[in-house]
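Here is the file structure24.cif (mmCIF, C-alpha atoms).
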```cif
data_model
loop_
_atom_site.group_PDB
_atom_site.id
_atom_site.type_symbol
_atom_site.label_atom_id
_atom_site.label_comp_id
_atom_site.auth_asym_id
_atom_site.auth_seq_id
_atom_site.Cartn_x
_atom_site.Cartn_y
_atom_site.Cartn_z
ATOM 1 C CA MET W 1 13.645 2.553 7.433
ATOM 2 C CA ALA W 2 16.207 -3.323 3.399
ATOM 3 C CA ARG W 3 13.718 -4.994 2.807
ATOM 4 C CA SER W 4 12.067 -6.892 5.288
ATOM 5 C CA LYS W 5 10.721 -3.842 4.660
ATOM 6 C CA SER W 6 12.915 -1.122 5.916
ATOM 7 C CA LYS W 7 12.064 2.323 7.104
ATOM 8 C CA ASN W 8 11.767 4.680 9.968
ATOM 9 C CA ALA W 9 9.088 7.110 8.965
ATOM 10 C CA ALA W 10 5.440 7.206 8.162
ATOM 11 C CA SER W 11 3.947 4.603 5.879
ATOM 12 C CA SER W 12 2.890 5.638 2.405
ATOM 13 C CA SER W 13 -0.745 5.477 3.477
ATOM 14 C CA LYS W 14 -0.269 8.175 6.093
ATOM 15 C CA ALA W 15 -2.148 11.448 5.598
ATOM 16 C CA LEU W 16 -0.224 14.120 3.741
ATOM 17 C CA PRO W 17 1.650 16.356 6.237
ATOM 18 C CA THR W 18 1.062 20.095 6.336
ATOM 19 C CA LEU W 19 3.637 22.526 5.052
ATOM 20 C CA ASN W 20 4.445 23.671 8.575
ATOM 21 C CA GLU W 21 4.973 20.116 9.776
ATOM 22 C CA VAL W 22 7.382 18.754 7.246
ATOM 23 C CA LYS W 23 10.144 19.552 4.785
ATOM 24 C CA ALA W 24 11.867 16.947 2.686
ATOM 25 C CA ALA W 25 15.382 16.221 1.502
ATOM 26 C CA THR W 26 14.908 14.986 -2.031
ATOM 27 C CA ALA W 27 17.794 16.770 -3.709
ATOM 28 C CA ILE W 28 21.389 17.706 -3.063
ATOM 29 C CA PRO W 29 21.955 20.750 -5.305
ATOM 30 C CA THR W 30 25.521 21.226 -4.090
ATOM 31 C CA PRO W 31 27.900 18.492 -2.900
ATOM 32 C CA PRO W 32 27.958 18.195 0.907
ATOM 33 C CA PRO W 33 31.278 18.594 2.722
ATOM 34 C CA PRO W 34 33.311 15.371 2.784
ATOM 35 C CA LEU W 35 32.871 12.930 5.627
ATOM 36 C CA ALA W 36 35.666 12.513 8.121
ATOM 37 C CA LYS W 37 38.537 10.413 6.838
ATOM 38 C CA GLY W 38 37.749 6.716 7.184
ATOM 39 C CA ALA W 39 34.037 7.287 7.932
ATOM 40 C CA SER W 40 32.885 5.347 4.879
ATOM 41 C CA SER W 41 34.881 2.308 6.001
ATOM 42 C CA ILE W 42 32.699 1.806 9.074
ATOM 43 C CA TYR W 43 29.754 0.226 7.266
ATOM 44 C CA GLU W 44 28.555 -0.948 3.887
ATOM 45 C CA VAL W 45 25.152 -1.617 2.345
ATOM 46 C CA VAL W 46 24.877 -5.202 1.128
ATOM 47 C CA ASP W 47 22.296 -7.704 -0.093
ATOM 48 C CA LEU W 48 21.044 -9.989 2.673
ATOM 49 C CA PRO W 49 19.515 -13.358 1.730
ATOM 50 C CA GLY W 50 15.780 -13.204 2.261
ATOM 51 C CA ARG W 51 15.955 -9.698 3.707
ATOM 52 C CA GLY W 52 16.701 -7.431 0.783
ATOM 53 C CA LYS W 53 19.421 -4.926 1.643
ATOM 54 C CA GLY W 54 20.942 -4.040 4.987
ATOM 55 C CA MET W 55 23.760 -2.110 6.602
ATOM 56 C CA ILE W 56 26.716 -4.188 7.846
ATOM 57 C CA ALA W 57 29.604 -3.093 10.075
ATOM 58 C CA THR W 58 32.926 -3.459 8.254
ATOM 59 C CA ARG W 59 34.928 -3.145 11.484
ATOM 60 C CA ASP W 60 34.376 -3.490 15.208
ATOM 61 C CA ILE W 61 32.526 -0.482 16.615
ATOM 62 C CA LYS W 62 32.848 0.465 20.260
ATOM 63 C CA ALA W 63 29.808 1.321 22.375
ATOM 64 C CA SER W 64 28.883 5.035 22.284
ATOM 65 C CA PHE W 65 30.923 5.568 19.103
ATOM 66 C CA ALA W 66 29.219 8.059 16.764
ATOM 67 C CA PHE W 67 29.865 8.256 13.043
ATOM 68 C CA ALA W 68 28.437 10.321 10.197
ATOM 69 C CA CYS W 69 26.214 8.309 7.901
ATOM 70 C CA CYS W 70 24.878 10.850 5.397
ATOM 71 C CA ALA W 71 24.638 14.517 4.599
ATOM 72 C CA ALA W 72 21.795 16.288 2.851
ATOM 73 C CA CYS W 73 19.978 19.586 2.484
ATOM 74 C CA LYS W 74 16.270 20.222 2.985
ATOM 75 C CA THR W 75 13.630 21.909 0.850
ATOM 76 C CA GLU W 76 9.990 22.768 1.468
ATOM 77 C CA PHE W 77 7.363 20.122 0.873
ATOM 78 C CA GLU W 78 4.049 21.185 -0.638
ATOM 79 C CA GLU W 79 0.830 19.930 0.976
ATOM 80 C CA ASN W 80 -1.450 20.049 -2.065
ATOM 81 C CA PRO W 81 -1.366 16.617 -3.820
ATOM 82 C CA ILE W 82 -0.999 18.047 -7.323
ATOM 83 C CA GLN W 83 1.634 20.560 -6.196
ATOM 84 C CA THR W 84 3.400 17.781 -4.301
ATOM 85 C CA ARG W 85 3.781 15.643 -7.414
ATOM 86 C CA LYS W 86 5.159 18.576 -9.389
ATOM 87 C CA PHE W 87 7.410 19.630 -6.526
ATOM 88 C CA LEU W 88 8.994 16.194 -6.141
ATOM 89 C CA LYS W 89 9.303 15.741 -9.894
ATOM 90 C CA ASP W 90 11.140 19.066 -10.115
ATOM 91 C CA LYS W 91 13.446 18.023 -7.279
ATOM 92 C CA MET W 92 14.207 14.746 -8.983
ATOM 93 C CA SER W 93 15.299 16.664 -12.082
ATOM 94 C CA ASN W 94 18.047 18.286 -9.976
ATOM 95 C CA LEU W 95 19.549 14.926 -9.069
ATOM 96 C CA THR W 96 22.196 13.093 -11.023
ATOM 97 C CA ALA W 97 21.208 9.906 -12.828
ATOM 98 C CA ASP W 98 22.860 7.836 -10.074
ATOM 99 C CA GLN W 99 21.057 9.770 -7.344
ATOM 100 C CA ARG W 100 17.704 9.341 -9.094
ATOM 101 C CA ALA W 101 18.305 5.612 -9.480
ATOM 102 C CA GLU W 102 19.266 5.347 -5.810
ATOM 103 C CA TYR W 103 16.129 7.194 -4.699
ATOM 104 C CA MET W 104 13.875 5.112 -6.935
ATOM 105 C CA SER W 105 15.408 1.875 -5.621
ATOM 106 C CA LEU W 106 14.118 2.571 -2.089
ATOM 107 C CA TRP W 107 11.119 0.654 -0.820
ATOM 108 C CA TYR W 108 7.533 1.910 -1.044
ATOM 109 C CA GLU W 109 4.085 0.392 -0.720
ATOM 110 C CA PRO W 110 3.631 -1.803 -3.854
ATOM 111 C CA ALA W 111 -0.005 -0.749 -4.340
ATOM 112 C CA THR W 112 0.933 2.933 -4.689
ATOM 113 C CA PRO W 113 -0.453 4.609 -7.859
ATOM 114 C CA THR W 114 2.305 5.520 -10.316
ATOM 115 C CA GLN W 115 1.760 9.267 -9.918
ATOM 116 C CA ASP W 116 2.351 9.021 -6.146
ATOM 117 C CA VAL W 117 5.468 6.820 -6.132
ATOM 118 C CA LEU W 118 7.899 9.685 -5.440
ATOM 119 C CA ARG W 119 5.912 10.749 -2.401
ATOM 120 C CA ALA W 120 5.468 7.146 -1.242
ATOM 121 C CA ILE W 121 9.238 6.639 -1.298
ATOM 122 C CA LEU W 122 9.708 9.833 0.688
ATOM 123 C CA MET W 123 7.133 8.891 3.318
ATOM 124 C CA ALA W 124 8.415 5.321 3.683
ATOM 125 C CA ASN W 125 12.112 6.167 3.877
ATOM 126 C CA SER W 126 12.438 9.515 5.626
ATOM 127 C CA TYR W 127 13.793 10.403 9.049
ATOM 128 C CA SER W 128 12.870 13.260 11.326
ATOM 129 C CA THR W 129 15.292 16.186 11.411
ATOM 130 C CA HIS W 130 13.470 17.920 14.258
ATOM 131 C CA ASP W 131 11.041 20.158 12.335
ATOM 132 C CA SER W 132 11.208 18.329 9.037
ATOM 133 C CA LEU W 133 11.777 15.049 7.221
ATOM 134 C CA ALA W 134 14.807 14.026 5.188
ATOM 135 C CA VAL W 135 15.812 11.041 3.077
ATOM 136 C CA PHE W 136 19.248 9.512 3.595
ATOM 137 C CA PRO W 137 19.668 6.679 1.064
ATOM 138 C CA ASN W 138 22.246 4.661 3.022
ATOM 139 C CA ALA W 139 20.361 4.940 6.307
ATOM 140 C CA ALA W 140 17.153 4.016 4.480
ATOM 141 C CA ARG W 141 18.663 0.556 3.978
ATOM 142 C CA MET W 142 18.997 -0.004 7.700
ATOM 143 C CA ASN W 143 16.684 -2.714 8.994
ATOM 144 C CA HIS W 144 14.627 -2.708 12.166
ATOM 145 C CA GLY W 145 15.394 -4.226 15.528
ATOM 146 C CA CYS W 146 13.178 -3.783 18.594
ATOM 147 C CA ALA W 147 14.544 -2.668 21.950
ATOM 148 C CA GLY W 148 17.251 -5.075 23.006
ATOM 149 C CA ALA W 149 17.832 -6.115 19.388
ATOM 150 C CA SER W 150 18.712 -2.708 17.906
ATOM 151 C CA ASN W 151 22.346 -1.714 18.244
ATOM 152 C CA VAL W 152 22.387 1.844 16.894
ATOM 153 C CA ALA W 153 20.397 5.020 17.427
ATOM 154 C CA TYR W 154 20.420 7.998 15.112
ATOM 155 C CA SER W 155 20.455 11.775 15.368
ATOM 156 C CA TRP W 156 20.446 14.775 13.056
ATOM 157 C CA ARG W 157 23.050 17.445 13.792
ATOM 158 C CA LYS W 158 21.534 20.564 12.333
ATOM 159 C CA GLY W 159 24.675 22.654 12.693
ATOM 160 C CA GLU W 160 26.693 20.158 10.663
ATOM 161 C CA GLY W 161 23.902 19.157 8.288
ATOM 162 C CA ARG W 162 24.729 15.506 8.969
ATOM 163 C CA PHE W 163 22.932 12.343 9.997
ATOM 164 C CA TYR W 164 24.815 10.373 12.665
ATOM 165 C CA LEU W 165 24.574 6.822 13.944
ATOM 166 C CA HIS W 166 25.472 6.061 17.566
ATOM 167 C CA ALA W 167 26.457 2.584 18.710
ATOM 168 C CA LEU W 168 24.280 1.536 21.669
ATOM 169 C CA ARG W 169 26.660 -1.299 22.472
ATOM 170 C CA GLY W 170 29.755 -2.860 21.000
ATOM 171 C CA VAL W 171 29.152 -4.039 17.421
ATOM 172 C CA LYS W 172 31.308 -6.726 15.828
ATOM 173 C CA GLN W 173 32.654 -6.628 12.286
ATOM 174 C CA GLY W 174 30.115 -8.301 9.985
ATOM 175 C CA GLU W 175 27.192 -7.648 12.348
ATOM 176 C CA GLU W 176 24.116 -5.977 10.901
ATOM 177 C CA LEU W 177 23.345 -2.453 12.108
ATOM 178 C CA LEU W 178 19.742 -2.252 13.316
ATOM 179 C CA SER W 179 17.688 0.695 14.534
ATOM 180 C CA ALA W 180 14.223 0.803 16.087
ATOM 181 C CA TYR W 181 11.482 2.120 13.798
ATOM 182 C CA LEU W 182 8.998 2.409 16.683
ATOM 183 C CA ASP W 183 8.680 3.563 20.263
ATOM 184 C CA PRO W 184 10.858 0.946 22.001
ATOM 185 C CA LYS W 185 8.538 0.929 25.029
ATOM 186 C CA MET W 186 5.718 -0.781 23.119
ATOM 187 C CA SER W 187 4.822 -4.377 24.004
ATOM 188 C CA ARG W 188 5.749 -7.200 21.632
ATOM 189 C CA SER W 189 2.204 -7.627 20.292
ATOM 190 C CA GLU W 190 1.851 -3.865 19.732
ATOM 191 C CA ARG W 191 5.195 -3.629 17.958
ATOM 192 C CA ARG W 192 4.538 -6.559 15.667
ATOM 193 C CA LYS W 193 1.051 -5.282 14.791
ATOM 194 C CA VAL W 194 2.327 -1.818 13.797
ATOM 195 C CA LEU W 195 5.308 -3.201 11.883
ATOM 196 C CA LYS W 196 3.051 -5.546 9.927
ATOM 197 C CA GLU W 197 0.519 -2.829 9.106
ATOM 198 C CA LYS W 198 2.951 -0.010 8.274
ATOM 199 C CA TYR W 199 6.036 -1.775 6.966
ATOM 200 C CA ARG W 200 4.603 -5.072 5.741
ATOM 201 C CA PHE W 201 6.892 -7.479 7.580
ATOM 202 C CA ASP W 202 6.744 -9.855 10.525
ATOM 203 C CA CYS W 203 9.392 -8.913 13.052
ATOM 204 C CA ASN W 204 11.555 -11.835 14.133
ATOM 205 C CA CYS W 205 14.298 -9.854 15.850
ATOM 206 C CA SER W 206 15.900 -11.322 18.968
ATOM 207 C CA SER W 207 13.467 -9.407 21.219
ATOM 208 C CA CYS W 208 10.364 -10.566 19.349
ATOM 209 C CA SER W 209 11.721 -14.127 19.216
ATOM 210 C CA LEU W 210 12.020 -14.500 22.986
ATOM 211 C CA PRO W 211 10.298 -17.553 24.526
ATOM 212 C CA GLU W 212 6.776 -16.721 25.697
ATOM 213 C CA ALA W 213 7.654 -16.602 29.409
ATOM 214 C CA LEU W 214 10.556 -14.202 28.842
ATOM 215 C CA SER W 215 8.469 -12.095 26.465
ATOM 216 C CA LEU W 216 5.767 -11.708 29.117
ATOM 217 C CA LYS W 217 8.382 -10.568 31.629
ATOM 218 C CA SER W 218 9.681 -8.088 29.088
ATOM 219 C CA ASP W 219 6.176 -6.761 28.443
ATOM 220 C CA ARG W 220 5.622 -6.297 32.178
ATOM 221 C CA ARG W 221 8.852 -4.306 32.468
ATOM 222 C CA LEU W 222 7.862 -2.159 29.493
ATOM 223 C CA SER W 223 4.414 -1.553 30.977
ATOM 224 C CA ASN W 224 6.017 -0.500 34.263
ATOM 225 C CA ILE W 225 8.417 1.816 32.436
ATOM 226 C CA ASN W 226 5.523 3.460 30.583
ATOM 227 C CA GLY W 227 3.564 3.946 33.794
ATOM 228 C CA LEU W 228 6.537 5.436 35.608
ATOM 229 C CA PHE W 229 7.295 7.760 32.683
ATOM 230 C CA GLU W 230 3.680 8.987 32.728
ATOM 231 C CA CYS W 231 3.945 9.615 36.455
ATOM 232 C CA LEU W 232 7.218 11.465 35.981
ATOM 233 C CA MET W 233 5.869 13.561 33.109
ATOM 234 C CA GLY W 234 2.999 14.683 35.362
ATOM 235 C CA TRP W 235 5.258 15.431 38.324
ATOM 236 C CA ASN W 236 3.812 18.913 38.805
ATOM 237 C CA THR W 237 0.174 17.783 38.660
ATOM 238 C CA ASN W 238 0.959 14.785 40.844
ATOM 239 C CA MET W 239 2.767 17.039 43.328
ATOM 240 C CA LEU W 240 5.774 14.739 43.471
ATOM 241 C CA SER W 241 8.526 15.625 45.874
ATOM 242 C CA GLY W 242 12.154 15.737 44.785
ATOM 243 C CA LYS W 243 12.769 12.492 46.661
ATOM 244 C CA GLN W 244 9.878 10.741 44.894
ATOM 245 C CA VAL W 245 11.153 11.899 41.518
ATOM 246 C CA VAL W 246 14.607 10.515 42.235
ATOM 247 C CA GLU W 247 13.068 7.170 43.242
ATOM 248 C CA ILE W 248 11.048 7.045 40.000
ATOM 249 C CA VAL W 249 14.066 7.963 37.868
ATOM 250 C CA ASN W 250 16.174 5.272 39.542
ATOM 251 C CA LYS W 251 13.452 2.659 39.052
ATOM 252 C CA ILE W 252 13.012 3.507 35.351
ATOM 253 C CA TRP W 253 16.786 3.392 34.909
ATOM 254 C CA GLU W 254 16.933 -0.041 36.537
ATOM 255 C CA LEU W 255 14.125 -1.435 34.375
ATOM 256 C CA ALA W 256 15.550 0.164 31.216
ATOM 257 C CA GLU W 257 18.913 -1.497 31.837
ATOM 258 C CA GLU W 258 17.183 -4.870 32.167
ATOM 259 C CA GLU W 259 15.428 -4.209 28.826
ATOM 260 C CA ASN W 260 18.538 -2.815 27.100
ATOM 261 C CA LEU W 261 16.606 0.415 26.590
ATOM 262 C CA SER W 262 19.646 2.661 26.632
ATOM 263 C CA THR W 263 17.946 4.985 24.139
ATOM 264 C CA GLN W 264 15.709 6.139 26.996
ATOM 265 C CA PHE W 265 18.520 7.297 29.253
ATOM 266 C CA GLY W 266 18.865 10.693 27.589
ATOM 267 C CA GLU W 267 15.159 11.497 27.931
ATOM 268 C CA LEU W 268 15.164 10.216 31.490
ATOM 269 C CA ALA W 269 18.196 12.280 32.493
ATOM 270 C CA GLY W 270 16.646 15.374 30.891
ATOM 271 C CA LEU W 271 13.362 14.942 32.748
ATOM 272 C CA GLY W 272 15.194 14.339 36.013
ATOM 273 C CA ALA W 273 17.297 17.466 35.549
ATOM 274 C CA MET W 274 14.217 19.564 34.704
ATOM 275 C CA VAL W 275 12.330 18.417 37.797
ATOM 276 C CA ALA W 276 15.388 18.871 40.011
ATOM 277 C CA ALA W 277 15.762 22.438 38.746
ATOM 278 C CA ALA W 278 12.070 23.110 39.423
ATOM 279 C CA HIS W 279 12.590 21.881 42.972
ATOM 280 C CA SER W 280 15.783 23.962 43.235
ATOM 281 C CA GLU W 281 17.678 20.764 44.012
#
```

How would this structure read if it were set down as structure tokens?
Amino acid sequence: MARSKSKNAASSSKALPTLNEVKAATAIPTPPPPLAKGASSIYEVVDLPGRGKGMIATRDIKASFAFACCAACKTEFEENPIQTRKFLKDKMSNLTADQRAEYMSLWYEPATPTQDVLRAILMANSYSTHDSLAVFPNAARMNHGCAGASNVAYSWRKGEGRFYLHALRGVKQGEELLSAYLDPKMSRSERRKVLKEKYRFDCNCSSCSLPEALSLKSDRRLSNINGLFECLMGWNTNMLSGKQVVEIVNKIWELAEEENLSTQFGELAGLGAMVAAAHSE
């Protein structure tokens, strides 16, 4: 995950990950293949008054449109604190002066000891690439928006070695691109608490700024979605019939549409397909 403060990964105070849990992209030893023609004209990183930096659409983007944001390679991340410092310092030496400056300009917890700044930047600005973490400097400037306020989702395409953004709805030229740093099914109070503790900002996105009555309705829908997901995940233990599963899937889909939780549709469709296959339906 800018700087309201921006970032979609762990906070710098998070416990050091194990070697098997995480790898980091802190260097690009060879230039990545070029992005598709015109890809760089889709967005730009700019200064936003009172918000630090952010990513702005430089053209209208249609819903469901996917575009490459960054490319990077990954390297192993040591778990021993002393080895970690040396490891990251060595990786920084492989970067160009511009790349080092770009990495060092990313946000990190201000109270971080000098010797741990490189790691703090990594942990505050990295994204998951399935079995690892990676830093994508442009994407790291993208600010947060809760469910209903975010307009892009992201994915890592391992085969291409690229980080993609996917428009969740139509985005107008000049509109800020926002992604959700947290589980979008959390209630407003839960979201704001975590964002304040981990990322040091008060969220005032359109979802968090809803009038109290509408926010309570939203929280009730989110609570219902969570409960239904839990029921669906335990379909085998709960001995749900194929018909009951379909009813649950349809209800979650209906509530998710009301909440603009389109990011949940993929998971929901996958669960539904898995259960249907188990029922031979």

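Ranking W:Asp60, W:Glu230, W:Asp47, W:Asp219 by their shortest atom-to-atom distance to W:Glu190, with all atoms listed in the file included, puts W:Asp219 first.
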
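One distance worth recording is that between atom CA of W:Ser187 and atom CA of W:Ile225, which is 11.1 Å.
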
Using the chain letters and numbers from the file, which residues does the PyMOL selection byres ((chain W and resi 118) around 8) grab, as an mmCIF file with C-alpha atoms, in the coordinates of the input?
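Final output, result.cif:
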```cif
data_model
loop_
_atom_site.group_PDB
_atom_site.id
_atom_site.type_symbol
_atom_site.label_atom_id
_atom_site.label_comp_id
_atom_site.auth_asym_id
_atom_site.auth_seq_id
_atom_site.Cartn_x
_atom_site.Cartn_y
_atom_site.Cartn_z
ATOM 1 C CA ARG W 85 3.781 15.643 -7.414
ATOM 2 C CA LEU W 88 8.994 16.194 -6.141
ATOM 3 C CA LYS W 89 9.303 15.741 -9.894
ATOM 4 C CA MET W 104 13.875 5.112 -6.935
ATOM 5 C CA GLN W 115 1.760 9.267 -9.918
ATOM 6 C CA ASP W 116 2.351 9.021 -6.146
ATOM 7 C CA VAL W 117 5.468 6.820 -6.132
ATOM 8 C CA ARG W 119 5.912 10.749 -2.401
ATOM 9 C CA ALA W 120 5.468 7.146 -1.242
ATOM 10 C CA ILE W 121 9.238 6.639 -1.298
ATOM 11 C CA LEU W 122 9.708 9.833 0.688
#
```

Point (11.3, 9.0, 5.7) neighbourhood (6 Å, only C-alpha atoms) written as a list in words: Ala9, Leu122, Met123, Ala124, Asn125, Ser126, Tyr127 and Val135 of chain W

Result set, the PyMOL selection byres ((chain W and resi 175) around 12) on current file, as an MDAnalysis selection string: chainID W and resid 42:46 48 54:61 149:152 169:174 176:178

Best match for closeness to W:Glu197 among W:Glu257, W:Glu109, W:Asp131, W:Lys217, counting only C-alpha atoms: W:Glu109

Missing atoms in stretch 98-116 of chain W: fill them in up to N, CA, C and O atoms and send the result as a short mmCIF file (atom, residue, chain, number, x, y, z; two decimals), in the frame of the given file.
```cif
data_model
loop_
_atom_site.label_atom_id
_atom_site.label_comp_id
_atom_site.auth_asym_id
_atom_site.auth_seq_id
_atom_site.Cartn_x
_atom_site.Cartn_y
_atom_site.Cartn_z
N ASP W 98 22.59 8.80 -11.14
CA ASP W 98 22.86 7.84 -10.07
C ASP W 98 22.01 8.13 -8.84
O ASP W 98 21.49 7.20 -8.20
N GLN W 99 21.87 9.41 -8.50
CA GLN W 99 21.06 9.77 -7.34
C GLN W 99 19.59 9.43 -7.57
O GLN W 99 18.90 8.94 -6.66
N ARG W 100 19.09 9.69 -8.78
CA ARG W 100 17.70 9.34 -9.09
C ARG W 100 17.48 7.84 -8.99
O ARG W 100 16.48 7.37 -8.44
N ALA W 101 18.43 7.07 -9.53
CA ALA W 101 18.30 5.61 -9.48
C ALA W 101 18.32 5.12 -8.03
O ALA W 101 17.58 4.20 -7.67
N GLU W 102 19.17 5.74 -7.22
CA GLU W 102 19.27 5.35 -5.81
C GLU W 102 17.96 5.65 -5.08
O GLU W 102 17.46 4.83 -4.30
N TYR W 103 17.39 6.82 -5.33
CA TYR W 103 16.13 7.19 -4.70
C TYR W 103 15.01 6.24 -5.13
O TYR W 103 14.24 5.76 -4.29
N MET W 104 14.94 5.96 -6.42
CA MET W 104 13.88 5.11 -6.94
C MET W 104 14.02 3.66 -6.50
O MET W 104 13.06 2.88 -6.58
N SER W 105 15.20 3.26 -6.06
CA SER W 105 15.41 1.88 -5.62
C SER W 105 14.92 1.64 -4.20
O SER W 105 14.86 0.49 -3.74
N LEU W 106 14.58 2.71 -3.46
CA LEU W 106 14.12 2.57 -2.09
C LEU W 106 12.71 2.00 -2.04
O LEU W 106 11.91 2.17 -2.97
N TRP W 107 12.40 1.34 -0.94
CA TRP W 107 11.12 0.65 -0.82
C TRP W 107 9.95 1.62 -0.71
O TRP W 107 10.06 2.71 -0.14
N TYR W 108 8.79 1.20 -1.24
CA TYR W 108 7.53 1.91 -1.04
C TYR W 108 6.41 0.90 -1.16
O TYR W 108 6.60 -0.23 -1.64
N GLU W 109 5.24 1.28 -0.69
CA GLU W 109 4.08 0.39 -0.72
C GLU W 109 3.78 -0.02 -2.17
O GLU W 109 3.54 0.83 -3.03
N PRO W 110 3.81 -1.33 -2.47
CA PRO W 110 3.63 -1.80 -3.85
C PRO W 110 2.34 -1.35 -4.52
O PRO W 110 2.30 -1.19 -5.75
N ALA W 111 1.29 -1.13 -3.75
CA ALA W 111 0.00 -0.75 -4.34
C ALA W 111 -0.10 0.74 -4.66
O ALA W 111 -1.16 1.20 -5.11
N THR W 112 0.96 1.48 -4.47
CA THR W 112 0.93 2.93 -4.69
C THR W 112 0.69 3.26 -6.16
O THR W 112 1.36 2.71 -7.05
N PRO W 113 -0.25 4.17 -6.47
CA PRO W 113 -0.45 4.61 -7.86
C PRO W 113 0.83 5.22 -8.42
O PRO W 113 1.59 5.86 -7.68
N THR W 114 1.06 5.05 -9.69
CA THR W 114 2.31 5.52 -10.32
C THR W 114 2.58 6.99 -10.03
O THR W 114 3.72 7.37 -9.74
N GLN W 115 1.55 7.83 -10.08
CA GLN W 115 1.76 9.27 -9.92
C GLN W 115 2.17 9.65 -8.50
O GLN W 115 2.64 10.77 -8.26
N ASP W 116 2.01 8.72 -7.54
CA ASP W 116 2.35 9.02 -6.15
C ASP W 116 3.59 8.27 -5.65
O ASP W 116 3.88 8.28 -4.46
#
```
